[in-house]
Structure formats: C-alpha cells, structure tokens
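Q: Next up, structure-v3.cif (mmCIF, C-alpha atoms).
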```
data_data
#
loop_
_atom_site.label_atom_id
_atom_site.label_comp_id
_atom_site.auth_asym_id
_atom_site.auth_seq_id
_atom_site.Cartn_x
_atom_site.Cartn_y
_atom_site.Cartn_z
CA MET A 1 69.33 73.21 272.79
CA GLU A 2 69.00 76.95 272.14
CA LYS A 3 65.78 76.34 270.20
CA GLN A 4 64.39 74.26 273.09
CA ARG A 5 65.17 77.03 275.62
CA SER A 6 63.52 79.58 273.34
CA SER A 7 60.44 77.38 273.03
CA SER A 8 60.25 76.86 276.81
CA PHE A 9 60.55 80.60 277.43
CA SER A 10 57.83 81.30 274.87
CA ILE A 11 55.54 78.78 276.57
CA PHE A 12 56.25 80.48 279.91
CA ILE A 13 55.16 83.84 278.46
CA ILE A 14 52.02 82.33 276.96
CA GLY A 15 51.34 80.64 280.30
CA SER A 16 51.34 84.10 281.88
CA LEU A 17 48.75 85.21 279.33
CA PHE A 18 46.57 82.19 280.08
CA PHE A 19 46.85 83.18 283.74
CA ILE A 20 45.31 86.53 282.79
CA PHE A 21 42.62 84.75 280.75
CA GLY A 22 41.61 82.90 283.89
CA LEU A 23 41.74 85.93 286.14
CA VAL A 24 39.42 87.91 283.89
CA THR A 25 37.17 85.06 282.71
CA TRP A 26 36.46 83.14 285.90
CA LEU A 27 35.89 86.26 287.95
CA ASN A 28 32.53 86.26 286.15
CA SER A 29 31.45 83.47 288.53
CA VAL A 30 31.67 86.05 291.32
CA LEU A 31 30.71 89.06 289.24
CA MET A 32 27.42 87.56 288.07
CA PRO A 33 25.88 87.04 291.56
CA PHE A 34 27.52 90.29 292.68
CA LEU A 35 25.80 92.31 289.96
CA GLN A 36 22.63 90.32 290.46
CA GLN A 37 22.63 91.69 294.02
CA THR A 38 23.77 95.26 293.35
CA CYS A 39 21.62 95.78 290.24
CA GLU A 40 18.70 93.64 291.49
CA LEU A 41 18.53 91.20 288.57
CA THR A 42 16.69 87.95 287.79
CA ASN A 43 18.63 84.82 286.77
CA PHE A 44 17.90 85.59 283.12
CA GLN A 45 19.07 89.20 283.44
CA ALA A 46 22.21 88.10 285.30
CA SER A 47 22.92 85.73 282.40
CA PHE A 48 23.75 88.77 280.28
CA VAL A 49 27.04 88.97 282.23
CA PRO A 50 28.53 85.93 280.47
CA PHE A 51 26.54 86.85 277.33
CA ALA A 52 28.19 90.27 277.00
CA PHE A 53 31.60 88.78 277.71
CA TYR A 54 31.50 85.79 275.36
CA ILE A 55 29.45 87.24 272.50
CA ALA A 56 32.39 89.53 271.75
CA TYR A 57 34.26 86.51 270.42
CA PHE A 58 31.65 85.99 267.71
CA PHE A 59 31.99 89.51 266.32
CA THR A 60 35.74 90.01 266.67
CA SER A 61 37.46 86.68 265.96
CA ILE A 62 37.66 87.08 262.17
CA PRO A 63 38.82 90.74 262.43
CA SER A 64 41.33 89.46 264.99
CA SER A 65 42.70 87.01 262.42
CA MET A 66 43.04 89.82 259.89
CA ILE A 67 44.83 91.98 262.46
CA LEU A 68 47.23 89.14 263.28
CA LYS A 69 48.18 88.77 259.63
CA LYS A 70 49.46 92.35 259.74
CA THR A 71 50.83 92.51 263.28
CA GLY A 72 52.06 88.95 263.86
CA PHE A 73 51.50 86.98 267.06
CA SER A 74 53.54 89.10 269.48
CA LYS A 75 52.16 92.54 268.61
CA GLY A 76 48.68 91.05 268.37
CA MET A 77 48.98 89.83 271.95
CA MET A 78 50.02 93.29 273.14
CA LEU A 79 47.09 94.89 271.33
CA GLY A 80 44.71 92.38 272.91
CA LEU A 81 46.01 93.23 276.38
CA LEU A 82 45.56 96.95 275.68
CA VAL A 83 41.92 96.47 274.65
CA MET A 84 41.32 94.38 277.77
CA ALA A 85 42.77 97.19 279.90
CA ILE A 86 40.28 99.61 278.33
CA GLY A 87 37.47 97.19 279.22
CA THR A 88 38.51 96.88 282.86
CA THR A 89 38.77 100.68 283.09
CA ILE A 90 35.11 101.01 281.98
CA PHE A 91 34.15 99.22 285.20
CA ILE A 92 35.12 102.31 287.19
CA PRO A 93 32.37 104.64 285.86
CA ALA A 94 30.00 101.64 285.71
CA ALA A 95 30.46 101.07 289.44
CA PHE A 96 30.13 104.78 290.31
CA THR A 97 26.83 105.01 288.42
CA ARG A 98 25.64 101.45 289.24
CA ASN A 99 24.79 101.15 285.56
CA PHE A 100 24.33 97.52 284.50
CA LEU A 101 24.49 98.40 280.79
CA LEU A 102 27.88 100.07 281.30
CA PHE A 103 29.11 96.98 283.14
CA LEU A 104 28.04 94.91 280.14
CA ILE A 105 29.88 97.25 277.76
CA GLY A 106 33.02 96.85 279.88
CA LEU A 107 32.65 93.07 279.73
CA PHE A 108 32.11 93.21 275.97
CA VAL A 109 35.30 95.23 275.48
CA GLN A 110 37.22 92.79 277.68
CA GLY A 111 35.86 90.00 275.51
CA ILE A 112 37.12 91.79 272.39
CA GLY A 113 40.62 91.97 273.89
CA LEU A 114 40.54 88.33 274.95
CA SER A 115 39.33 87.31 271.49
CA LEU A 116 42.39 88.89 269.89
CA LEU A 117 44.64 87.51 272.61
CA GLN A 118 43.33 83.96 272.31
CA THR A 119 43.31 84.00 268.51
CA ALA A 120 47.06 84.64 268.79
CA SER A 121 48.02 82.53 271.78
CA ASN A 122 46.11 79.26 271.22
CA PRO A 123 47.63 78.45 267.81
CA TYR A 124 50.98 79.70 269.13
CA VAL A 125 50.91 76.95 271.78
CA THR A 126 49.77 74.37 269.22
CA ILE A 127 52.48 75.20 266.69
CA LEU A 128 55.34 75.41 269.23
CA GLY A 129 55.66 71.62 269.28
CA PRO A 130 54.42 68.34 267.76
CA ILE A 131 50.67 68.24 267.05
CA GLU A 132 50.49 64.85 268.84
CA SER A 133 51.34 66.50 272.17
CA ALA A 134 49.35 69.70 271.59
CA ALA A 135 46.69 68.63 274.09
CA ARG A 136 49.43 68.19 276.70
CA ARG A 137 50.80 71.72 276.18
CA MET A 138 47.32 73.20 276.17
CA SER A 139 46.56 71.34 279.39
CA ILE A 140 49.52 73.13 280.97
CA MET A 141 48.06 76.42 279.73
CA GLY A 142 44.72 75.37 281.17
CA ILE A 143 46.29 74.88 284.60
CA CYS A 144 47.66 78.43 284.50
CA ASN A 145 44.18 79.64 283.51
CA LYS A 146 42.37 77.83 286.33
CA ILE A 147 44.89 78.66 289.06
CA ALA A 148 44.35 82.32 288.20
CA GLY A 149 40.60 81.77 288.38
CA MET A 150 40.87 80.19 291.81
CA LEU A 151 43.04 83.01 293.13
CA GLY A 152 40.70 85.63 291.68
CA ILE A 153 37.63 84.04 293.24
CA LEU A 154 39.25 83.40 296.63
CA ILE A 155 40.94 86.77 297.03
CA LEU A 156 38.35 89.06 295.48
CA ALA A 157 35.29 87.22 296.72
CA SER A 158 36.48 86.61 300.26
CA LEU A 159 38.14 89.98 300.88
CA LEU A 160 36.43 92.54 298.67
CA PHE A 161 32.96 91.02 298.31
CA SER A 162 32.79 89.41 301.73
CA ASN A 163 29.93 91.54 303.01
CA ILE A 164 27.48 90.36 300.35
CA SER A 165 26.21 87.67 302.72
CA ASP A 166 25.33 90.17 305.47
CA PHE A 167 24.11 92.64 302.88
CA SER A 168 21.71 90.09 301.37
CA LYS A 169 20.12 89.54 304.75
CA SER A 170 19.71 93.24 305.57
CA ILE A 171 18.80 94.78 302.21
CA ASN A 172 15.26 93.38 302.21
CA GLU A 173 14.66 94.94 305.61
CA ILE A 174 15.38 98.45 304.30
CA THR A 175 12.13 100.20 303.42
CA ASP A 176 13.44 103.67 302.68
CA ILE A 177 14.29 103.95 298.96
CA VAL A 178 17.08 106.52 299.45
CA THR A 179 18.76 104.42 302.14
CA LYS A 180 18.47 101.31 300.01
CA GLU A 181 19.99 103.06 296.98
CA ALA A 182 22.88 104.33 299.12
CA ALA A 183 23.53 100.80 300.43
CA LEU A 184 23.51 99.36 296.91
CA GLN A 185 25.87 102.09 295.72
CA GLU A 186 28.28 101.38 298.55
CA LEU A 187 28.30 97.73 297.54
CA SER A 188 28.81 98.60 293.87
CA ASN A 189 31.85 100.75 294.68
CA GLN A 190 33.71 97.70 295.96
CA VAL A 191 34.32 96.53 292.41
CA ILE A 192 36.42 99.62 291.59
CA MET A 193 39.69 98.72 293.32
CA PRO A 194 40.11 95.16 291.96
CA TYR A 195 39.52 96.33 288.40
CA CYS A 196 41.97 99.20 288.83
CA VAL A 197 44.57 96.65 289.92
CA MET A 198 43.67 94.43 286.98
CA THR A 199 44.18 97.36 284.58
CA VAL A 200 47.67 97.97 285.98
CA VAL A 201 48.56 94.28 285.63
CA LEU A 202 47.42 94.20 281.99
CA ILE A 203 49.52 97.24 281.12
CA ALA A 204 52.52 95.70 282.91
CA LEU A 205 52.12 92.55 280.79
CA ILE A 206 52.19 94.62 277.61
CA LEU A 207 55.57 95.99 278.62
CA PHE A 208 56.76 92.51 279.60
CA ILE A 209 55.92 91.02 276.19
CA LYS A 210 57.54 93.97 274.43
CA ILE A 211 60.76 93.44 276.39
CA ALA A 212 60.65 89.64 276.03
CA LYS A 213 60.58 89.79 272.19
CA LEU A 214 58.75 86.52 271.53
CA PRO A 215 59.93 84.70 268.39
CA GLU A 216 57.48 85.04 265.52
CA ILE A 217 56.25 81.75 264.12
CA ILE A 218 55.64 81.61 260.38
CA GLU A 219 52.99 79.08 259.46
CA GLU A 220 53.67 77.05 256.36
CA ASP A 221 51.87 74.31 254.54
CA ASP A 222 53.06 70.76 255.12
CA PRO A 223 55.81 70.10 252.50
CA ASN A 224 54.25 66.69 251.83
CA ILE A 225 51.07 68.33 250.57
CA SER A 226 50.96 68.65 246.81
CA LEU A 227 50.90 72.06 245.18
CA LYS A 228 47.38 71.37 243.94
CA ASN A 229 46.15 70.49 247.42
CA ALA A 230 47.94 73.54 248.83
CA LYS A 231 45.46 75.64 246.88
CA LYS A 232 42.54 74.33 248.91
CA SER A 233 40.21 76.87 250.41
CA ILE A 234 39.33 76.77 254.09
CA PHE A 235 35.90 75.42 253.11
CA SER A 236 37.60 72.20 252.01
CA TYR A 237 38.00 71.12 255.65
CA PRO A 238 34.57 70.05 257.01
CA TYR A 239 36.15 68.84 260.26
CA LEU A 240 37.13 72.44 261.03
CA TRP A 241 33.51 73.58 260.89
CA LEU A 242 32.30 70.61 262.91
CA GLY A 243 35.05 71.33 265.45
CA THR A 244 33.99 74.97 265.59
CA LEU A 245 30.49 73.90 266.60
CA ALA A 246 32.01 71.49 269.14
CA ILE A 247 33.88 74.39 270.76
CA PHE A 248 30.61 76.36 270.79
CA PHE A 249 28.83 73.63 272.75
CA TYR A 250 31.81 72.93 275.00
CA VAL A 251 32.27 76.54 276.17
CA GLY A 252 28.55 76.88 276.83
CA ALA A 253 28.65 73.76 279.01
CA GLU A 254 31.76 74.89 280.89
CA VAL A 255 30.30 78.32 281.66
CA ILE A 256 27.06 76.80 282.94
CA ALA A 257 28.95 74.30 285.10
CA ILE A 258 31.04 76.99 286.84
CA ASP A 259 29.51 80.47 286.62
CA TYR A 260 26.11 79.40 287.95
CA LEU A 261 27.43 77.31 290.84
CA LYS A 262 27.17 80.10 293.39
CA ILE A 263 23.64 81.00 292.26
CA TYR A 264 22.63 77.32 292.21
CA GLY A 265 24.02 76.87 295.72
CA ALA A 266 21.97 79.82 296.95
CA HIS A 267 18.95 78.34 295.17
CA LEU A 268 19.41 75.15 297.17
CA GLY A 269 19.64 77.16 300.40
CA PHE A 270 23.38 77.11 301.12
CA ASP A 271 25.06 80.05 302.89
CA ASN A 272 26.55 82.71 300.58
CA ASN A 273 30.02 82.42 302.11
CA PHE A 274 29.98 78.68 301.45
CA THR A 275 28.66 78.97 297.90
CA THR A 276 31.60 81.26 297.01
CA LEU A 277 33.83 78.20 297.31
CA PHE A 278 31.83 76.11 294.82
CA PRO A 279 33.41 77.68 291.69
CA VAL A 280 36.83 77.23 293.31
CA PHE A 281 36.16 73.52 293.79
CA ALA A 282 35.07 73.32 290.15
CA LEU A 283 38.31 74.95 288.99
CA ILE A 284 40.25 72.50 291.15
CA GLY A 285 38.38 69.74 289.31
CA LEU A 286 39.52 71.23 286.01
CA VAL A 287 43.14 71.38 287.20
CA VAL A 288 43.02 67.73 288.29
CA GLY A 289 41.60 66.85 284.88
CA TYR A 290 44.39 68.79 283.16
CA LEU A 291 47.03 67.00 285.24
CA VAL A 292 45.55 63.64 284.28
CA GLY A 293 45.74 64.76 280.64
CA ILE A 294 49.34 65.91 280.96
CA PHE A 295 50.52 62.55 282.34
CA THR A 296 48.43 60.29 280.11
CA ILE A 297 48.28 62.03 276.69
CA PRO A 298 49.58 60.78 274.31
CA LYS A 299 51.72 58.15 276.09
CA ILE A 300 48.87 56.13 277.59
CA ILE A 301 45.80 57.29 275.70
CA SER A 302 45.16 59.40 272.60
CA GLN A 303 43.60 62.82 273.04
CA ARG A 304 40.55 61.67 271.03
CA ASN A 305 39.88 58.60 273.18
CA ALA A 306 40.37 60.68 276.32
CA LEU A 307 37.76 63.11 274.98
CA ILE A 308 35.25 60.30 274.44
CA ILE A 309 35.74 58.94 277.97
CA GLN A 310 35.33 62.41 279.51
CA LEU A 311 32.13 63.00 277.56
CA ILE A 312 30.63 59.77 278.88
CA LEU A 313 31.60 60.82 282.42
CA ALA A 314 30.03 64.26 281.88
CA MET A 315 26.69 62.73 280.89
CA ILE A 316 26.77 60.44 283.93
CA PHE A 317 27.55 63.35 286.28
CA THR A 318 24.79 65.49 284.76
CA THR A 319 22.24 62.71 285.21
CA LEU A 320 23.25 62.22 288.86
CA ALA A 321 23.19 65.99 289.52
CA ILE A 322 19.62 66.23 288.27
CA PHE A 323 18.34 63.21 290.20
CA THR A 324 20.08 63.90 293.52
CA SER A 325 19.47 66.73 295.97
CA GLY A 326 21.35 69.11 298.25
CA ILE A 327 25.11 68.83 298.49
CA GLY A 328 25.06 65.67 296.35
CA SER A 329 23.73 67.62 293.38
CA ILE A 330 26.38 70.32 293.94
CA ILE A 331 29.16 67.72 294.04
CA PHE A 332 28.13 66.22 290.70
CA ILE A 333 27.95 69.67 289.08
CA ILE A 334 31.45 70.35 290.42
CA LEU A 335 32.64 67.01 289.00
CA LEU A 336 31.48 68.15 285.57
CA SER A 337 34.50 70.45 285.49
CA PHE A 338 36.83 67.45 285.89
CA SER A 339 35.20 65.86 282.85
CA HIS A 340 35.45 69.15 280.93
CA ALA A 341 39.22 69.49 281.39
CA ILE A 342 40.33 67.54 278.33
CA MET A 343 37.63 68.85 276.00
CA TRP A 344 39.15 72.15 274.85
CA PRO A 345 42.72 70.73 274.59
CA ALA A 346 41.45 67.78 272.54
CA ILE A 347 38.87 69.51 270.33
CA TRP A 348 41.26 72.29 269.31
CA PRO A 349 44.05 70.21 267.67
CA LEU A 350 41.51 67.81 266.13
CA SER A 351 39.91 70.85 264.48
CA ILE A 352 42.97 72.64 263.08
CA HIS A 353 45.29 69.79 262.09
CA ASP A 354 46.65 70.00 258.52
CA LEU A 355 45.16 73.46 257.87
CA GLY A 356 48.57 74.80 256.83
CA LYS A 357 48.28 78.40 255.67
CA HIS A 358 44.69 78.50 256.95
CA THR A 359 45.71 77.89 260.57
CA LYS A 360 45.25 81.49 261.73
CA LEU A 361 41.87 81.84 260.03
CA GLY A 362 40.76 78.43 261.27
CA SER A 363 41.80 79.38 264.78
CA ALA A 364 39.76 82.56 264.45
CA PHE A 365 36.63 80.52 263.68
CA LEU A 366 37.29 78.34 266.72
CA ILE A 367 37.71 81.43 268.90
CA MET A 368 34.47 82.82 267.41
CA ALA A 369 32.75 79.68 268.69
CA ILE A 370 33.49 80.76 272.27
CA ALA A 371 30.24 82.68 271.77
CA GLY A 372 28.67 79.44 272.96
CA GLY A 373 29.48 80.78 276.41
CA ALA A 374 27.06 83.62 275.64
CA VAL A 375 24.17 81.81 273.96
CA ILE A 376 23.81 78.54 275.86
CA PRO A 377 24.00 80.09 279.39
CA LEU A 378 21.37 82.64 278.32
CA ILE A 379 19.03 79.76 277.46
CA PHE A 380 19.96 78.10 280.75
CA GLY A 381 19.21 81.32 282.66
CA LYS A 382 15.78 81.59 281.07
CA LEU A 383 15.02 77.94 281.84
CA SER A 384 16.12 78.54 285.43
CA ASP A 385 13.45 81.22 285.83
CA VAL A 386 10.76 79.15 284.10
CA ILE A 387 11.40 75.68 285.54
CA ASP A 388 13.37 74.37 288.50
CA MET A 389 17.03 75.36 288.15
CA LYS A 390 18.18 71.78 288.72
CA PHE A 391 16.31 70.47 285.68
CA ALA A 392 17.63 73.35 283.57
CA TYR A 393 20.98 71.53 283.67
CA SER A 394 19.52 68.96 281.28
CA ILE A 395 20.44 71.38 278.46
CA LEU A 396 24.02 70.10 278.90
CA PHE A 397 23.10 66.81 277.23
CA VAL A 398 22.73 68.65 273.91
CA SER A 399 26.33 69.86 274.17
CA TYR A 400 27.78 66.52 275.20
CA LEU A 401 26.00 64.49 272.53
CA TYR A 402 27.17 66.79 269.74
CA ILE A 403 30.80 66.81 270.96
CA LEU A 404 30.63 63.00 271.16
CA PHE A 405 29.54 62.94 267.51
CA PHE A 406 32.55 65.10 266.62
CA ALA A 407 34.98 62.95 268.61
CA VAL A 408 33.73 59.68 267.13
CA TRP A 409 33.15 60.66 263.50
CA GLY A 410 33.13 64.38 262.70
CA TYR A 411 36.85 65.05 263.30
CA LYS A 412 37.89 62.84 260.36
CA LEU A 413 35.45 64.17 257.78
CA LYS A 414 37.42 65.55 254.84
CA ILE A 415 36.65 66.54 251.28
CA ASN A 416 38.53 64.81 248.52
CA TYR A 417 40.12 67.71 246.68
CA LYS A 418 40.01 65.98 243.30
CA ASN A 419 36.40 64.92 243.70
CA PRO A 420 34.84 67.26 246.28
CA VAL A 421 31.51 66.24 247.76
#
```
Would you write the structure of this file as structure tokens?

A:
Amino acid sequence: MEKQRSSSFSIFIIGSLFFIFGLVTWLNSVLMPFLQQTCELTNFQASFVPFAFYIAYFFTSIPSSMILKKTGFSKGMMLGLLVMAIGTTIFIPAAFTRNFLLFLIGLFVQGIGLSLLQTASNPYVTILGPIESAARRMSIMGICNKIAGMLGILILASLLFSNISDFSKSINEITDIVTKEAALQELSNQVIMPYCVMTVVLIALILFIKIAKLPEIIEEDDPNISLKNAKKSIFSYPYLWLGTLAIFFYVGAEVIAIDYLKIYGAHLGFDNNFTTLFPVFALIGLVVGYLVGIFTIPKIISQRNALIIQLILAMIFTTLAIFTSGIGSIIFIILLSFSHAIMWPAIWPLSIHDLGKHTKLGSAFLIMAIAGGAVIPLIFGKLSDVIDMKFAYSILFVSYLYILFFAVWGYKLKINYKNPV
C-alpha cells in the first residue's frame, strides 16, 4: 500500500512536469504567428521557431543520458527545469531588441532543458508500472501536457496577444518607417511578461521537486535474461532504431497539425481571433484521444492495434483535409490531433521494451528523434511558400506510412544474439 501511494505521488509530480512541457511547447502555436507578425517573416522563416526548439533534442539527448547516469532522475529533472528557466529569460532581451535570432536562441535553450527533462521523465513513467499499461500512464501524462497547452494558448493569446488582429489590419497602412518600427516594438514587448511568469514557475518547480524527494528508480536487466544475453549492446535491438525513426516522423506530423493551424486558418481567410482557437480545438482532440486510450488500453485493445487504427484514421483525415475547402479542411486538420493521441504513448513502450540496462540510453535516442519536429515542419514551411499550403499537408503521408510499417512489422524485429544478422 505504501509503495502504491509512493508511485501515485511520483506520477503526480511527473504529471506536473508534463504540464510544463505543454505550456512551453504548445505556446509555439501562438508564438510562431506572433513572431511572424512582429519580425515580418515568411512561412519558411517562421518555421525556424519550431526548428530552433525541436532541433535541440537532436544535439542534447545523448549528453542528457550521460548526465542522468551521474545525477539520477530527480536531480536531472531539476537541472532540466533550470536550463529551461534560462531559455525563457533570454526572451526578455530578445523582445526588447526585436531580434529574431535571439528569440531562436532562447527557444533552443528551452529545447535543451526539455530534452533533459523528457529523457528523465518519460522512462520514469514507463518504469513506474507494468509495461503493458505504459501507454495508459503516458496518456494521462499527455492529458496534463495538452491541458497546459490549451490554457497557455487561451490565456496568453486572448489576453496578451489580443491586439494582433487589429495590428495586422493597421500595420500595412503605416508608411512612416519610424512609426512602423515603434508599433512593431510595442507589439514585441508584450511577450516579456508571460515569459517572466514562466521563469518564476519553472524555478518554483525546481524547489518543489527538491522538497518532494522523488524515489530514485534503479533500472535492472530482466532476471529471466541469460548472463550472455545481458551483455548485448544497444545495437542488438533493431526495433529501438526503427522506433526512434517512428518518433521522428510522429513529432513532425504532430507539430505540423497544430502549430500551423493558426497560419493555415489565416491563409484560408478566417479572422485572426477565430484562428487562435484552432490549436485549442486540436489539443482538445488530443485529450479526447488520450481518454479513449486510457479507457480502452490494454483492457479492450492492445496499444499496437490502437496505433494501427489511429494511423489509418490519420491518413483518411489528411486526404479529406486536402480535398475539401474552408472550414471543412480546418476540421479535418484538427481531427488529425485525435488520431495522433495514441501514437507517442504506443510507439514509446514498443521501442524500449526489454532494453534492461540500456533503457536510459535508448530513451535518449527516442528523445533525440523529437528533432522530427524541427526538420519536417521546415520542409512543410518551404512547401507552403512554393505550392498551395493545403497541398503541403500531403507530406504527412510519409510520416504515417513509416509509422504503420513500424507498428505492423518493425517493432518486433530483433537480432538473435547467438547468430546475429
């Protein structure tokens, strides 16, 4: 009973961290069009917002794993929060100078902190209970993540960035360069207060984790694995590498489906105040998908079969989004998020099962693959400038088809240790 209470409390703490993940991550859906306006960017240039944020995972995930080996999960989480706080602080001089490069540096530093934080927290959730119900626990974490995203978008976009709509209409009428620069600077300054608040919250969480004293989990090899097999290297698990690529494609698809919704809505001619709600609707779709996963996995359906069904739905929604127009196209893009909900929770445990002592390093490679949120949206942004933005969504089929390959066949590919192939 005591162990169960300790596990529940630990999950509560990790849920708080996933809340922060969502607050920082999904604010990019507002930040990207905001910086596109204040820094006068094209779709491709604005795509460097998610690029700077997610590319950090590629460079820092392996170092994060090495750091965790020395610090353990709990201290690693606190260090990640501290780095994130430094990143949010960089936004203050970036806003004062209206320097897009400095904004990108701030996002990159935030990504470094999140990389360390997620390298610690994701396997922590997986290991806290049976692997068969890992997708269920991670779905609960996902709900915390998306609720934070919704709150961040609604509060910050509606209250602090509410004048973007009026600003967009008036800025083109300003002919005097000095007056225009002053107006853009005034708009840029609005980002200062929310990121100051975010910095304070991150520091408060560091203190909270320190006081909470989370139990450290020591990863061990399965006792049923022979001593000879226990000596396997991480390269003996092909399914891990295939799963890493699946995470890469999944994150790229999720970022495209949410972060570009506001820009896509404006492209279709919808009012700016209305388009702000589109990412919120998408996050609601994710939450609904998570809830379905929580109540059906693994009692009614396995996490792998659920993944296959959601992938088929995603391809159907993408096709309908491309071949419909107006609000219909928006609705199908929003529905993509519902189909995305089970993907991360299902891909993750399928990729790290039976890794034993390699779990932390394997998790680091999976976190590194979040760089898909940098690369694939950048390609999407370029396609949006070159061809019609609606047809640029066809790039999602590449992601879905690969993940389907992993879910059907790739997840079970192993190397026979005695006779490696």

Q: Convert the output of the PyMOL selection byres ((chain A and resi 337) around 10) on the shown file into explicit residues, formatted as a PyMOL selection string.

A: chain A and resi 253-255+257-258+279+281-289+314+317+332-336+338-342

Q: Here's the selection I'm unsure about, the PyMOL selection byres ((chain A and resi 358-373) around 8); applied to the file above, which residues does it give, as a ChimeraX atom specification?

A: /A:50-51,54-62,64-65,115,118-120,122-123,219,234,240,243-245,247-255,348,352,355-357,374-377

Q: Could you tell me which of A:Pro349, A:Gly87, A:Pro33, A:Gly152 comes closest to Tyr239 (chain A) if we count all atoms listed in the file?

A: A:Pro349

Q: CA of Gln190 (chain A) and CA of Asn28 (chain A) are how many Å apart?

A: 15.1 Å

Q: Have a look at CA of Asp354 (chain A) and CA of Ile312 (chain A) and let me know their distance in Å, one decimal.

A: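 These atoms are spaced 27.9 Å apart.
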
Q: Assuming the chain letters and numbering stay as they are in my file, what does the PyMOL selection byres ((chain A and resi 267) around 12) actually select? List them as a ChimeraX atom specification.

A: /A:33,43,260-266,268-272,275,325-327,329-330,384-385,388-390

Q: Would you output that residue set with C-alpha atoms, as a compact mmCIF listing (two decimals), in the frame of the given file?

A:
```
# COMPACT_ATOMS: atom_id res chain seq x y z
CA PRO A 33 25.88 87.04 291.56
CA ASN A 43 18.63 84.82 286.77
CA TYR A 260 26.11 79.40 287.95
CA LEU A 261 27.43 77.31 290.84
CA LYS A 262 27.17 80.10 293.39
CA ILE A 263 23.64 81.00 292.26
CA TYR A 264 22.63 77.32 292.21
CA GLY A 265 24.02 76.87 295.72
CA ALA A 266 21.97 79.82 296.95
CA LEU A 268 19.41 75.15 297.17
CA GLY A 269 19.64 77.16 300.40
CA PHE A 270 23.38 77.11 301.12
CA ASP A 271 25.06 80.05 302.89
CA ASN A 272 26.55 82.71 300.58
CA THR A 275 28.66 78.97 297.90
CA SER A 325 19.47 66.73 295.97
CA GLY A 326 21.35 69.11 298.25
CA ILE A 327 25.11 68.83 298.49
CA SER A 329 23.73 67.62 293.38
CA ILE A 330 26.38 70.32 293.94
CA SER A 384 16.12 78.54 285.43
CA ASP A 385 13.45 81.22 285.83
CA ASP A 388 13.37 74.37 288.50
CA MET A 389 17.03 75.36 288.15
CA LYS A 390 18.18 71.78 288.72
```

Q: Could you tell me how far CA of Ala346 (chain A) sits from CA of Pro238 (chain A), in Å to one decimal place?

A: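 Atom-to-atom, CA of Pro238 (chain A) and CA of Ala346 (chain A) are spaced 17.1 Å apart.
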
Q: Using only C-alpha atoms, which residue out of A:Ser302, A:Val292, A:Arg98, A:Thr89 lies closest to Glu186 (chain A)?

A: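 Among the listed residues, A:Arg98 lies closest to Glu186 (chain A).
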
Q: Using only C-alpha atoms, pick whichever of A:Pro63, A:Pro345, A:Gly293, A:Gly76 has the shortest atom-to-atom distance to Ile206 (chain A).

A: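 Smallest separation from Ile206 (chain A) among the options: A:Gly76.
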
Q: Which polymer residues have any atom within 7 Å of an atom of Leu311 (chain A), counting all atoms listed in the file, with same-chain residues fewer than 3 positions away left out, as a PyMOL selection string?

A: chain A and resi 307-308+314-315+339+400+404

Q: Which is closest to Thr318 (chain A) among A:Ser399, A:Ser121, A:Gln110, A:Thr25, if we use all atoms listed in the file?

A: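 Of A:Ser399, A:Ser121, A:Gln110, A:Thr25, the one nearest Thr318 (chain A), counting all atoms listed in the file, is A:Ser399.
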
Q: Determine, counting only C-alpha atoms, which protein, DNA and RNA residues have an atom within 10 Å of an atom of Ala212 (chain A); residues of the same chain fewer than 5 positions away are not included. Present the result as JSON, numbers by chain.

A: {"A": [9, 10, 13, 74, 206, 207]}

Q: Render region 186-201 of chain A from the structure in the preceding block as a file of N, CA and C atoms, as a short mmCIF file (atom, residue, chain, number, x, y, z; two decimals), in the first residue's frame.

A:
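Below you can see decode-v9.cif, which holds the result:
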```
data_model
loop_
_atom_site.label_atom_id
_atom_site.label_comp_id
_atom_site.auth_asym_id
_atom_site.auth_seq_id
_atom_site.Cartn_x
_atom_site.Cartn_y
_atom_site.Cartn_z
N GLU A 186 6.40 47.83 -29.85
CA GLU A 186 5.37 47.78 -28.82
C GLU A 186 4.71 46.41 -28.77
N LEU A 187 4.47 45.84 -29.95
CA LEU A 187 3.90 44.51 -30.02
C LEU A 187 4.86 43.47 -29.46
N SER A 188 6.13 43.59 -29.81
CA SER A 188 7.15 42.65 -29.35
C SER A 188 7.27 42.63 -27.83
N ASN A 189 7.12 43.80 -27.20
CA ASN A 189 7.26 43.89 -25.75
C ASN A 189 6.22 43.08 -24.98
N GLN A 190 5.12 42.74 -25.66
CA GLN A 190 4.06 42.02 -24.96
C GLN A 190 4.46 40.60 -24.58
N VAL A 191 5.52 40.09 -25.18
CA VAL A 191 5.95 38.74 -24.87
C VAL A 191 6.76 38.68 -23.57
N ILE A 192 7.18 39.83 -23.06
CA ILE A 192 8.07 39.87 -21.89
C ILE A 192 7.39 39.33 -20.63
N MET A 193 6.22 39.85 -20.30
CA MET A 193 5.56 39.46 -19.05
C MET A 193 5.26 37.97 -18.96
N PRO A 194 4.64 37.35 -19.99
CA PRO A 194 4.34 35.92 -19.86
C PRO A 194 5.58 35.06 -19.66
N TYR A 195 6.69 35.45 -20.29
CA TYR A 195 7.90 34.63 -20.13
C TYR A 195 8.61 34.91 -18.80
N CYS A 196 8.38 36.06 -18.22
CA CYS A 196 8.86 36.31 -16.86
C CYS A 196 8.10 35.42 -15.88
N VAL A 197 6.79 35.34 -16.06
CA VAL A 197 5.97 34.48 -15.21
C VAL A 197 6.38 33.02 -15.37
N MET A 198 6.63 32.62 -16.61
CA MET A 198 7.04 31.24 -16.87
C MET A 198 8.35 30.92 -16.18
N THR A 199 9.28 31.87 -16.16
CA THR A 199 10.57 31.67 -15.49
C THR A 199 10.36 31.43 -14.00
N VAL A 200 9.49 32.22 -13.40
CA VAL A 200 9.20 32.07 -11.96
C VAL A 200 8.59 30.70 -11.68
N VAL A 201 7.68 30.25 -12.53
CA VAL A 201 7.03 28.95 -12.34
C VAL A 201 8.06 27.81 -12.44
#
```
